[in-house]
$ cat query.txt   # compact mmCIF, C-alpha atoms
# COMPACT_ATOMS: atom_id res chain seq x y z
CA MET A 1 -64.42 87.34 -14.58
CA GLY A 2 -63.94 89.73 -11.68
CA GLY A 3 -64.17 88.39 -8.20
CA PHE A 4 -63.88 84.62 -8.48
CA ASP A 5 -62.60 83.46 -5.11
CA VAL A 6 -60.09 80.71 -5.92
CA GLY A 7 -59.08 80.23 -2.26
CA GLU A 8 -62.62 79.90 -0.95
CA ARG A 9 -63.63 77.56 -3.77
CA LEU A 10 -60.62 75.30 -3.15
CA LYS A 11 -61.34 75.22 0.57
CA GLN A 12 -65.00 74.40 -0.07
CA LEU A 13 -64.08 71.48 -2.36
CA ARG A 14 -61.38 70.21 0.00
CA LEU A 15 -63.71 70.24 3.01
CA ALA A 16 -66.50 68.63 0.99
CA ARG A 17 -64.09 65.73 0.44
CA GLN A 18 -63.04 65.76 4.11
CA LEU A 19 -59.39 66.30 3.24
CA SER A 20 -56.94 68.19 5.44
CA GLN A 21 -54.61 70.70 3.78
CA ARG A 22 -51.79 68.26 4.55
CA GLU A 23 -53.57 65.30 2.93
CA LEU A 24 -54.49 67.28 -0.19
CA ALA A 25 -50.91 68.61 -0.45
CA LYS A 26 -49.57 65.05 -0.21
CA ARG A 27 -51.91 63.77 -2.92
CA ALA A 28 -51.13 66.71 -5.19
CA GLY A 29 -47.38 66.58 -4.63
CA VAL A 30 -47.20 70.19 -3.43
CA THR A 31 -46.21 71.64 -0.04
CA ASN A 32 -48.75 72.18 2.77
CA SER A 33 -47.97 75.88 2.66
CA THR A 34 -48.93 76.01 -1.03
CA ILE A 35 -52.48 74.84 -0.21
CA SER A 36 -52.68 77.18 2.76
CA LEU A 37 -51.48 80.23 0.79
CA ILE A 38 -53.84 79.52 -2.11
CA GLU A 39 -56.81 79.13 0.26
CA GLN A 40 -55.94 82.46 1.89
CA ASN A 41 -55.62 83.97 -1.61
CA SER A 42 -52.08 85.00 -0.66
CA VAL A 43 -50.72 83.53 -3.87
CA SER A 44 -52.20 82.95 -7.31
CA PRO A 45 -51.48 79.32 -8.20
CA SER A 46 -49.72 78.63 -11.49
CA VAL A 47 -51.73 76.65 -14.01
CA SER A 48 -49.59 73.55 -13.40
CA SER A 49 -49.87 73.64 -9.60
CA LEU A 50 -53.63 74.31 -9.73
CA LYS A 51 -53.91 71.43 -12.18
CA LYS A 52 -52.06 69.08 -9.79
CA ILE A 53 -54.29 70.13 -6.89
CA LEU A 54 -57.52 69.75 -8.87
CA ASP A 55 -56.38 66.36 -10.18
CA ALA A 56 -55.87 65.27 -6.57
CA LEU A 57 -59.48 66.12 -5.64
CA PRO A 58 -60.33 65.24 -8.55
CA VAL A 59 -62.27 68.16 -10.04
CA SER A 60 -62.15 69.42 -13.61
CA ILE A 61 -60.99 72.96 -14.21
CA SER A 62 -64.36 73.91 -15.66
CA GLU A 63 -66.23 72.53 -12.63
CA PHE A 64 -63.83 74.41 -10.37
CA PHE A 65 -64.47 77.76 -12.04
CA ALA A 66 -68.12 77.18 -12.83
CA GLY A 67 -68.95 76.90 -9.14
CA GLU A 68 -71.80 74.69 -8.14
CA GLY A 69 -74.39 75.50 -10.74
CA LEU A 70 -74.48 74.49 -14.36
CA SER A 71 -76.57 76.81 -16.47
CA GLN A 72 -79.10 76.28 -19.20
CA GLU A 73 -77.64 75.63 -22.61
CA GLN A 74 -76.52 79.01 -23.89
CA VAL A 75 -75.75 79.55 -27.57
CA PHE A 76 -74.10 82.98 -27.73
CA TYR A 77 -71.51 84.37 -25.33
CA ARG A 78 -70.41 87.98 -24.98
CA ALA A 79 -66.70 88.58 -24.29
CA GLU A 80 -67.38 89.33 -20.62
CA GLU A 81 -69.31 86.07 -20.18
CA LEU A 82 -66.31 83.83 -20.87
CA THR A 83 -64.84 82.18 -17.77
CA GLU A 84 -61.25 83.15 -16.94
CA ILE A 85 -59.26 80.01 -16.06
CA GLY A 86 -55.75 81.47 -16.43
CA ASP A 87 -53.21 81.99 -13.67
CA GLY A 88 -53.05 85.78 -13.50
CA THR A 89 -50.28 85.97 -16.12
CA LEU A 90 -51.70 83.81 -18.88
CA SER A 91 -55.32 84.54 -19.67
CA TRP A 92 -57.40 81.58 -20.84
CA LYS A 93 -61.07 82.33 -21.38
CA LEU A 94 -63.26 79.26 -21.61
CA VAL A 95 -66.43 79.28 -23.73
CA GLY A 96 -69.49 77.72 -22.09
CA ALA A 97 -67.85 76.69 -18.80
CA ARG A 98 -71.24 76.10 -17.19
CA ARG A 99 -72.77 74.33 -20.15
CA PRO A 100 -74.11 70.91 -19.08
CA ASN A 101 -72.47 67.89 -20.74
CA ARG A 102 -69.91 69.98 -22.60
CA SER A 103 -67.82 67.63 -24.77
CA MET A 104 -65.04 70.03 -25.77
CA SER A 105 -63.24 73.12 -24.50
CA ILE A 106 -62.86 76.18 -26.70
CA ILE A 107 -60.42 78.65 -25.18
CA HIS A 108 -59.44 82.21 -26.11
CA GLU A 109 -55.84 82.35 -24.91
CA HIS A 110 -53.66 85.41 -24.29
CA TYR A 111 -49.94 84.96 -23.59
CA PRO A 112 -48.19 88.21 -22.58
CA PRO A 113 -44.47 88.57 -23.41
CA GLY A 114 -42.47 86.06 -21.36
CA ALA A 115 -45.52 83.90 -20.49
CA ASP A 116 -44.79 80.20 -20.20
CA THR A 117 -46.91 77.19 -19.23
CA GLY A 118 -43.86 75.95 -17.32
CA GLU A 119 -40.78 73.79 -17.58
CA GLU A 120 -42.77 70.89 -16.23
CA MET A 121 -44.30 69.81 -19.51
CA LEU A 122 -48.04 69.25 -19.63
CA GLU A 123 -49.43 65.82 -20.47
CA HIS A 124 -53.04 64.66 -20.38
CA GLU A 125 -55.56 62.50 -22.21
CA GLY A 126 -57.21 63.76 -25.36
CA GLU A 127 -56.20 65.95 -28.24
CA GLU A 128 -55.98 69.66 -28.86
CA GLY A 129 -55.59 72.10 -31.68
CA GLY A 130 -55.55 75.81 -32.23
CA VAL A 131 -54.88 78.75 -34.52
CA ILE A 132 -52.56 81.63 -33.68
CA ILE A 133 -54.58 84.84 -34.12
CA SER A 134 -51.77 87.31 -33.44
CA GLY A 135 -48.21 87.36 -32.14
CA THR A 136 -45.76 84.46 -31.92
CA ILE A 137 -45.66 81.37 -29.69
CA GLU A 138 -42.94 78.77 -29.21
CA LEU A 139 -44.69 75.40 -29.01
CA THR A 140 -42.86 72.29 -27.84
CA VAL A 141 -44.61 68.95 -28.48
CA GLY A 142 -42.73 65.76 -27.71
CA GLY A 143 -39.17 66.51 -28.83
CA GLU A 144 -40.16 69.06 -31.48
CA VAL A 145 -40.05 72.84 -31.09
CA GLN A 146 -41.67 75.24 -33.54
CA LEU A 147 -42.19 78.97 -33.60
CA LEU A 148 -45.73 79.69 -34.77
CA THR A 149 -47.04 83.07 -35.92
CA ALA A 150 -50.42 84.55 -36.87
CA GLY A 151 -52.35 82.21 -39.16
CA ASP A 152 -50.27 79.15 -38.21
CA ALA A 153 -51.96 76.28 -36.41
CA TYR A 154 -51.29 73.09 -34.44
CA TYR A 155 -53.05 69.83 -33.65
CA PHE A 156 -51.57 67.10 -31.44
CA ASP A 157 -52.22 64.21 -29.08
CA SER A 158 -52.25 65.80 -25.61
CA ARG A 159 -50.49 62.77 -24.10
CA LEU A 160 -47.31 64.09 -25.73
CA PRO A 161 -45.47 66.40 -23.30
CA HIS A 162 -46.12 69.99 -24.38
CA ARG A 163 -45.32 73.56 -23.47
CA PHE A 164 -46.35 76.98 -24.76
CA ARG A 165 -43.95 79.90 -24.39
CA ASN A 166 -44.07 83.49 -25.64
CA MET A 167 -40.45 84.58 -26.16
CA SER A 168 -41.38 87.75 -28.07
CA ASP A 169 -42.07 91.33 -26.96
CA ASN A 170 -45.71 91.19 -28.06
CA GLU A 171 -48.77 89.42 -26.72
CA CYS A 172 -49.72 86.19 -28.48
CA VAL A 173 -53.40 85.34 -28.94
CA ILE A 174 -54.58 81.81 -29.74
CA VAL A 175 -58.02 80.25 -30.10
CA SER A 176 -57.81 76.57 -29.17
CA ALA A 177 -60.08 73.58 -28.81
CA ASN A 178 -59.53 70.33 -26.97
CA ASN A 179 -61.37 67.31 -25.73
CA PRO A 180 -62.25 65.74 -23.43
CA PRO A 181 -63.11 69.08 -21.82
CA SER A 182 -61.48 68.94 -18.44
CA PHE A 183 -58.20 68.89 -16.59
CA SER A 184 -56.32 65.84 -15.34
CA ASP A 185 -53.92 63.12 -16.27
CA GLY A 186 -56.60 60.60 -15.40
CA GLY A 187 -58.23 60.47 -18.79
CA THR A 188 -61.66 61.50 -17.59
CA GLU A 189 -60.59 65.06 -16.93
CA GLN A 190 -58.24 67.27 -18.84
CA HIS A 191 -57.71 70.75 -20.08
CA HIS A 192 -55.40 72.30 -22.57
CA ALA A 193 -52.05 72.82 -20.93
$ encode --input "query.txt" --output "structure tokens"
Amino acid sequence: MGGFDVGERLKQLRLARQLSQRELAKRAGVTNSTISLIEQNSVSPSVSSLKKILDALPVSISEFFAGEGLSQEQVFYRAEELTEIGDGTLSWKLVGARRPNRSMSIIHEHYPPGADTGEEMLEHEGEEGGVIISGTIELTVGGEVQLLTAGDAYYFDSRLPHRFRNMSDNECVIVSANNPPSFSDGGTEQHHA
């Protein structure tokens, strides 16, 4: 996506809600310095810490990356038009981020070797599924762990704690879908992982 300014966007949303860095940090359960460093673009937030911060605002991940404007309904998307919502290591490209009233998220996911959504398992409202296009992913859902390879698939209730981890030496590519199409434990907003 090129030059999306995560720090500036977070600051803009925080100020629009009249929250201090300290107050937002408290609500999100992260340190003040985390908010400060992200706003200065000194660090790239992990998916889980960005998720906590956005939940505290609350703002869905797609709203965060779409910026202010929603676009007209678009039918076809070129590769470069997908919105990058990953954390700098994992790449998650969202289809139709700016589409008004989107009722699901379709994500083209790339996990480089060693990529991990984090020990803090993800849990949110909704359900999600996907197909592994290439490579291998270790998927933990609830108490179960499976190694999935190209052609394998998954479908689960997103309220079950889950984690995606690439333990192999090759990139893993997944195409996933989930709904509702946002990012929070609150039920109204959620995003895959």
$ axis_aligned_box --input "query.txt" --around "segment 14-19 of chain A" --padding-each-side "4 Å" --output "lines of an AutoDock Vina configuration file"
center_x = -62.9
center_y = 68.0
center_z = 2.1
size_x = 15.1
size_y = 12.5
size_z = 12.1
$ atom_distance --input "query.txt" --atom1 "atom CA of Gly143 of chain A" --atom2 "atom CA of His110 of chain A"
24.2 Å
$ closest_residue --input "query.txt" --among "A:Glu171, A:Asp55, A:Glu144, A:Glu138" --to "Gly29 of chain A" --atoms "all atoms listed in the file"
A:Asp55
$ closest_residue --input "query.txt" --among "A:Ile38, A:Leu160, A:Val6, A:Val141" --to "Ile85 of chain A" --atoms "all atoms listed in the file"
A:Val6
$ atom_distance --input "query.txt" --atom1 "atom CA of Asp87 of chain A" --atom2 "atom CA of Pro45 of chain A"
6.3 Å
$ atom_distance --input "query.txt" --atom1 "atom CA of Phe156 of chain A" --atom2 "atom CA of Val175 of chain A"
14.7 Å
$ closest_residue --input "query.txt" --among "A:Lys11, A:His108, A:Arg159, A:Arg17" --to "Ser36 of chain A" --atoms "all atoms listed in the file"
A:Lys11
$ closest_residue --input "query.txt" --among "A:Leu37, A:Ala153, A:Val47, A:Ala56" --to "Glu119 of chain A" --atoms "all atoms listed in the file"
A:Val47
$ residues_around --input "query.txt" --residues "Ile35 of chain A" --least-positions-apart "4" --cutoff "8 Å" --atoms "all atoms listed in the file" --output "count of residues only"
6
$ residues_near_point --input "query.txt" --point "(-52.7, 85.2, -17.9)" --cutoff "12 Å" --atoms "all atoms listed in the file" --output "PyMOL selection string"
chain A and resi 44-47+84-93+108-117+166+171-173
$ residues_around --input "query.txt" --residues "Leu139 of chain A" --least-positions-apart "2" --cutoff "7 Å" --atoms "all atoms listed in the file" --output "number ranges by chain"
A: 137, 141, 145-147, 163-165
$ residues_around --input "query.txt" --residues "Asp152 of chain A" --least-positions-apart "3" --cutoff "8 Å" --atoms "all atoms listed in the file" --output "VMD selection string"
chain A and resid 131 to 132 148 to 149
$ closest_residue --input "query.txt" --among "A:Gly129, A:Pro58, A:Gly142, A:Gly118" --to "Met104 of chain A" --atoms "all atoms listed in the file"
A:Gly129
$ build_atoms --input "query.txt" --residues "segment 118-129 of chain A" --atoms "N, CA, C and O atoms" --output "mmCIF file, in the frame of the given file"
data_model
loop_
_atom_site.group_PDB
_atom_site.id
_atom_site.type_symbol
_atom_site.label_atom_id
_atom_site.label_comp_id
_atom_site.auth_asym_id
_atom_site.auth_seq_id
_atom_site.Cartn_x
_atom_site.Cartn_y
_atom_site.Cartn_z
ATOM 1 N N GLY A 118 -44.718 76.541 -18.346
ATOM 2 C CA GLY A 118 -43.860 75.950 -17.320
ATOM 3 C C GLY A 118 -42.924 74.883 -17.837
ATOM 4 O O GLY A 118 -43.233 74.190 -18.803
ATOM 5 N N GLU A 119 -41.782 74.772 -17.156
ATOM 6 C CA GLU A 119 -40.780 73.790 -17.580
ATOM 7 C C GLU A 119 -41.291 72.372 -17.399
ATOM 8 O O GLU A 119 -40.880 71.450 -18.096
ATOM 9 N N GLU A 120 -42.183 72.211 -16.412
ATOM 10 C CA GLU A 120 -42.770 70.890 -16.230
ATOM 11 C C GLU A 120 -43.798 70.711 -17.329
ATOM 12 O O GLU A 120 -44.850 71.318 -17.311
ATOM 13 N N MET A 121 -43.455 69.905 -18.324
ATOM 14 C CA MET A 121 -44.300 69.810 -19.510
ATOM 15 C C MET A 121 -45.668 69.250 -19.143
ATOM 16 O O MET A 121 -45.813 68.456 -18.223
ATOM 17 N N LEU A 122 -46.671 69.700 -19.880
ATOM 18 C CA LEU A 122 -48.040 69.250 -19.630
ATOM 19 C C LEU A 122 -48.312 67.979 -20.418
ATOM 20 O O LEU A 122 -47.889 67.844 -21.558
ATOM 21 N N GLU A 123 -49.033 67.060 -19.790
ATOM 22 C CA GLU A 123 -49.430 65.820 -20.470
ATOM 23 C C GLU A 123 -50.799 65.441 -19.944
ATOM 24 O O GLU A 123 -51.020 65.469 -18.745
ATOM 25 N N HIS A 124 -51.724 65.097 -20.829
ATOM 26 C CA HIS A 124 -53.040 64.660 -20.380
ATOM 27 C C HIS A 124 -53.731 63.913 -21.507
ATOM 28 O O HIS A 124 -53.290 63.959 -22.651
ATOM 29 N N GLU A 125 -54.817 63.240 -21.194
ATOM 30 C CA GLU A 125 -55.560 62.500 -22.210
ATOM 31 C C GLU A 125 -56.177 63.467 -23.206
ATOM 32 O O GLU A 125 -56.441 64.622 -22.877
ATOM 33 N N GLY A 126 -56.453 62.973 -24.406
ATOM 34 C CA GLY A 126 -57.210 63.760 -25.360
ATOM 35 C C GLY A 126 -56.356 64.314 -26.471
ATOM 36 O O GLY A 126 -55.227 63.880 -26.710
ATOM 37 N N GLU A 127 -56.924 65.295 -27.168
ATOM 38 C CA GLU A 127 -56.200 65.950 -28.240
ATOM 39 C C GLU A 127 -56.572 67.420 -28.248
ATOM 40 O O GLU A 127 -57.602 67.811 -27.706
ATOM 41 N N GLU A 128 -55.719 68.230 -28.845
ATOM 42 C CA GLU A 128 -55.980 69.660 -28.860
ATOM 43 C C GLU A 128 -55.433 70.285 -30.126
ATOM 44 O O GLU A 128 -54.516 69.758 -30.755
ATOM 45 N N GLY A 129 -56.034 71.387 -30.497
ATOM 46 C CA GLY A 129 -55.590 72.100 -31.680
ATOM 47 C C GLY A 129 -55.896 73.578 -31.507
ATOM 48 O O GLY A 129 -56.664 73.959 -30.617
#
